[in-house]
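Below: the structure, in structure tokens.
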Amino acid sequence: MLPMTQDDGDLDSLVRKRVRALRVAQGWSLDELATRARLSPSTLSRIENGQRRLALDQLVTLARALDTTLDQLVETATDDVISSPMIDAAHQQMRWPIRADPGMTVMRQRMTNPPPDNPARMRAHPGREWLVVLSGTAVLLLGNRRFRVETNQAAEFPTMLPHAIGAEGGPCEILGIFDRDARRGHQRNDDSTRDASSPPH
């Protein structure tokens with residue numbers, strides 16, 4: 001199979017498919033999107049089916065009606081779809097940056113220790129964090145509260161609340177997503193306080 005090139009025909013086809021996919025995702029009929037975009041249903045149908053030339057003014061209107069931007073509507077496929085993690089073996093972590101939102105990070109982490117008993121070792125910093133437990137049971141200390149997070153459960157919290165995470169009853173693995181501020185907060189704490197034996201959160 002020959003590699004595809006991103007020529008004008010490919011982009012044209014991609015935009016048409018994207019318009020239809022966004023419309024279907026919203027649960028809208030051709031008539032509903034046509035009304036929102038101030039186009040006739042027949043015009044919209046021809047746009048989606050490749051029977052009508054794409055006009056810039058129509059794309060701008062369609063992008064607005066679909067609650068997106070023209071740039072996102074005509075964005076081409078990227079070559080770097082697959083990425084490999086940065087591995088921190090000492091702390092049993094893997095990290096992946098999120099290219100779509102620079103500053104956000106996904107991290108896979110294996111924990112064997114319970115969260116710290118000492119409140120002074122709980123962290124607080126600007127940002128927001130999400131985590132999913134992949135296996136085992138995690139314990140999330142959040143302010144004065146304690147949460148058990150089981151396999152396949154998720155937690156989301158503002159990181160300005162003092163927090164710590166550890167394992168309960170054996171090792172657990174979590175997948176964490178940090179926004180820009182939360183990632184920065186963890187990096188500062190990592191640089192200043194973490195050693196190989198301290199809990200990673």
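By order in the structure tokens, chains are A, B, ...; within a chain, residues start at 1; ligands start at 1, following the order shown.
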
**Message:** Quick one: residues within 12 Å of Ile174 (chain A), only C-alpha atoms, excluding same-chain residues fewer than 5 positions away - as number ranges by chain?
**Reply:** A: 92-95, 106-112, 130-140, 149-155, 165-167, 200-201

**Request:** Could you give me, as a ChimeraX atom specification, the residues within 9 Å of Val74 (chain A), counting only C-alpha atoms and dropping anything in the same chain fewer than 4 positions from it?
**Result:** /A:11-12,14-15,18,59,69-70

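Nearest residue to Cys172 (chain A) among A:Gly185, A:Pro158, A:Pro114, A:Pro126 is A:Pro114, counting only C-alpha atoms.
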
**Request:** Pick out the closest residue to Val19 (chain A) from this set: A:Arg46, A:Arg38, A:His91, A:Arg128. Count only C-alpha atoms.
**Result:**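 So, comparing all the options, the nearest one is A:Arg46.
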
**Asked** Which parts of region 121-188 of chain A does DSSP call strand (DSSP E) when run on the backbone here, written out as a VMD selection string?
**Response** chain A and resid 128 to 142 145 to 149 154 to 158 163 to 178

Can you write just those residues out, N, CA and C atoms, as a tab-separated table (two decimals), in the first residue's frame?
chain	number	residue	atom	x	y	z
A	128	ARG	N	-5.52	21.33	38.39
A	128	ARG	CA	-6.56	20.31	38.51
A	128	ARG	C	-5.97	18.99	38.05
A	129	GLU	N	-6.43	17.91	38.66
A	129	GLU	CA	-5.88	16.60	38.38
A	129	GLU	C	-7.01	15.58	38.24
A	130	TRP	N	-6.79	14.63	37.33
A	130	TRP	CA	-7.71	13.52	37.13
A	130	TRP	C	-6.91	12.23	37.28
A	131	LEU	N	-7.50	11.20	37.84
A	131	LEU	CA	-6.80	9.92	37.90
A	131	LEU	C	-7.79	8.78	37.72
A	132	VAL	N	-7.30	7.71	37.09
A	132	VAL	CA	-8.07	6.47	36.92
A	132	VAL	C	-7.22	5.35	37.52
A	133	VAL	N	-7.83	4.50	38.34
A	133	VAL	CA	-7.11	3.36	38.91
A	133	VAL	C	-7.19	2.20	37.91
A	134	LEU	N	-6.04	1.77	37.41
A	134	LEU	CA	-5.98	0.70	36.43
A	134	LEU	C	-6.02	-0.68	37.09
A	135	SER	N	-5.41	-0.80	38.27
A	135	SER	CA	-5.44	-2.06	39.00
A	135	SER	C	-5.21	-1.78	40.48
A	136	GLY	N	-5.74	-2.66	41.32
A	136	GLY	CA	-5.58	-2.48	42.75
A	136	GLY	C	-6.53	-1.43	43.31
A	137	THR	N	-6.21	-0.96	44.49
A	137	THR	CA	-7.01	0.07	45.16
A	137	THR	C	-6.09	1.20	45.61
A	138	ALA	N	-6.47	2.42	45.25
A	138	ALA	CA	-5.70	3.60	45.66
A	138	ALA	C	-6.44	4.30	46.80
A	139	VAL	N	-5.69	5.01	47.61
A	139	VAL	CA	-6.25	5.86	48.65
A	139	VAL	C	-5.89	7.29	48.33
A	140	LEU	N	-6.90	8.14	48.25
A	140	LEU	CA	-6.69	9.56	47.99
A	140	LEU	C	-7.01	10.34	49.25
A	141	LEU	N	-6.02	11.02	49.78
A	141	LEU	CA	-6.24	11.95	50.89
A	141	LEU	C	-6.44	13.32	50.28
A	142	LEU	N	-7.54	13.96	50.61
A	142	LEU	CA	-7.90	15.24	50.01
A	142	LEU	C	-8.41	16.14	51.12
A	145	ARG	N	-10.36	14.66	54.12
A	145	ARG	CA	-11.14	13.49	53.74
A	145	ARG	C	-10.25	12.40	53.16
A	146	ARG	N	-10.77	11.16	53.24
A	146	ARG	CA	-10.03	10.01	52.74
A	146	ARG	C	-10.96	9.22	51.80
A	147	PHE	N	-10.48	8.98	50.58
A	147	PHE	CA	-11.28	8.27	49.59
A	147	PHE	C	-10.57	6.99	49.16
A	148	ARG	N	-11.33	5.90	49.05
A	148	ARG	CA	-10.84	4.68	48.43
A	148	ARG	C	-11.26	4.70	46.97
A	149	VAL	N	-10.30	4.53	46.08
A	149	VAL	CA	-10.60	4.55	44.64
A	149	VAL	C	-10.26	3.17	44.10
A	154	ALA	N	-12.57	6.53	38.91
A	154	ALA	CA	-11.77	7.71	38.63
A	154	ALA	C	-12.03	8.77	39.69
A	155	ALA	N	-11.11	9.69	39.82
A	155	ALA	CA	-11.26	10.81	40.74
A	155	ALA	C	-10.78	12.07	40.02
A	156	GLU	N	-11.42	13.17	40.33
A	156	GLU	CA	-11.04	14.48	39.77
A	156	GLU	C	-11.09	15.48	40.91
A	157	PHE	N	-10.06	16.31	41.02
A	157	PHE	CA	-10.03	17.24	42.15
A	157	PHE	C	-9.12	18.43	41.86
A	158	PRO	N	-9.42	19.57	42.51
A	158	PRO	CA	-8.53	20.73	42.40
A	158	PRO	C	-7.31	20.52	43.29
A	163	HIS	N	-3.26	17.25	49.15
A	163	HIS	CA	-3.60	15.91	48.69
A	163	HIS	C	-2.39	14.99	48.71
A	164	ALA	N	-2.67	13.71	48.78
A	164	ALA	CA	-1.66	12.66	48.68
A	164	ALA	C	-2.36	11.40	48.20
A	165	ILE	N	-1.62	10.56	47.48
A	165	ILE	CA	-2.18	9.33	46.94
A	165	ILE	C	-1.24	8.18	47.27
A	166	GLY	N	-1.80	7.04	47.63
A	166	GLY	CA	-1.00	5.85	47.89
A	166	GLY	C	-1.81	4.61	47.60
A	167	ALA	N	-1.22	3.46	47.90
A	167	ALA	CA	-1.87	2.17	47.64
A	167	ALA	C	-2.49	1.63	48.92
A	168	GLU	N	-3.49	0.76	48.75
A	168	GLU	CA	-4.10	0.08	49.88
A	168	GLU	C	-4.15	-1.41	49.60
A	169	GLY	N	-3.65	-2.22	50.54
A	169	GLY	CA	-3.76	-3.66	50.42
A	169	GLY	C	-2.94	-4.27	49.30
A	170	GLY	N	-1.86	-3.64	48.92
A	170	GLY	CA	-1.01	-4.16	47.85
A	170	GLY	C	-0.80	-3.12	46.77
A	171	PRO	N	0.04	-3.42	45.79
A	171	PRO	CA	0.36	-2.44	44.75
A	171	PRO	C	-0.88	-2.01	43.96
A	172	CYS	N	-0.84	-0.79	43.46
A	172	CYS	CA	-1.88	-0.32	42.55
A	172	CYS	C	-1.23	0.48	41.45
A	173	GLU	N	-1.91	0.54	40.32
A	173	GLU	CA	-1.44	1.34	39.20
A	173	GLU	C	-2.50	2.38	38.87
A	174	ILE	N	-2.05	3.60	38.66
A	174	ILE	CA	-2.99	4.66	38.30
A	174	ILE	C	-2.53	5.35	37.03
A	175	LEU	N	-3.49	5.94	36.35
A	175	LEU	CA	-3.23	6.80	35.20
A	175	LEU	C	-3.70	8.19	35.60
A	176	GLY	N	-2.77	9.13	35.68
A	176	GLY	CA	-3.11	10.48	36.09
A	176	GLY	C	-3.01	11.45	34.92
A	177	ILE	N	-3.89	12.45	34.91
A	177	ILE	CA	-3.84	13.51	33.90
A	177	ILE	C	-3.74	14.83	34.65
A	178	PHE	N	-2.73	15.60	34.34
A	178	PHE	CA	-2.46	16.85	35.04
A	178	PHE	C	-2.60	18.01	34.07

**Request:** Run DSSP on the backbone of this structure and report the residues of region 74-191 of chain A it assigns to helix (DSSP H, G or I), as a list in words.
**Result:** Ala89, Ala90, His91, Pro119, Ala120, Arg121, Arg180, Asp181, Ala182, Arg183, Arg184, Gly185, His186, Gln187, Arg188, Asn189, Asp190 and Asp191 of chain A

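Interatomic distance, CA of Asp117 (chain A) to CA of Arg184 (chain A): 24.4 Å.
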
Mind dumping a table of every region 59-102 of chain A residue within 12 Å of region 24-29 of chain A, with the nearest atom pair and its distance in Å to one decimal, using only C-alpha atoms, sorted by chain and rising number, as CSV?
residue,atom,partner,partner_atom,distance
A:Ala65,CA,A:Gln26,CA,10.8
A:Leu66,CA,A:Gln26,CA,8.3
A:Asp67,CA,A:Gln26,CA,10.0

**Request:** Kindly indicate which residue among A:Gly50, A:Gly103, A:Pro162, A:Pro85 lies nearest to Ala124 (chain A), using only C-alpha atoms for the distances.
**Result:** A:Pro162
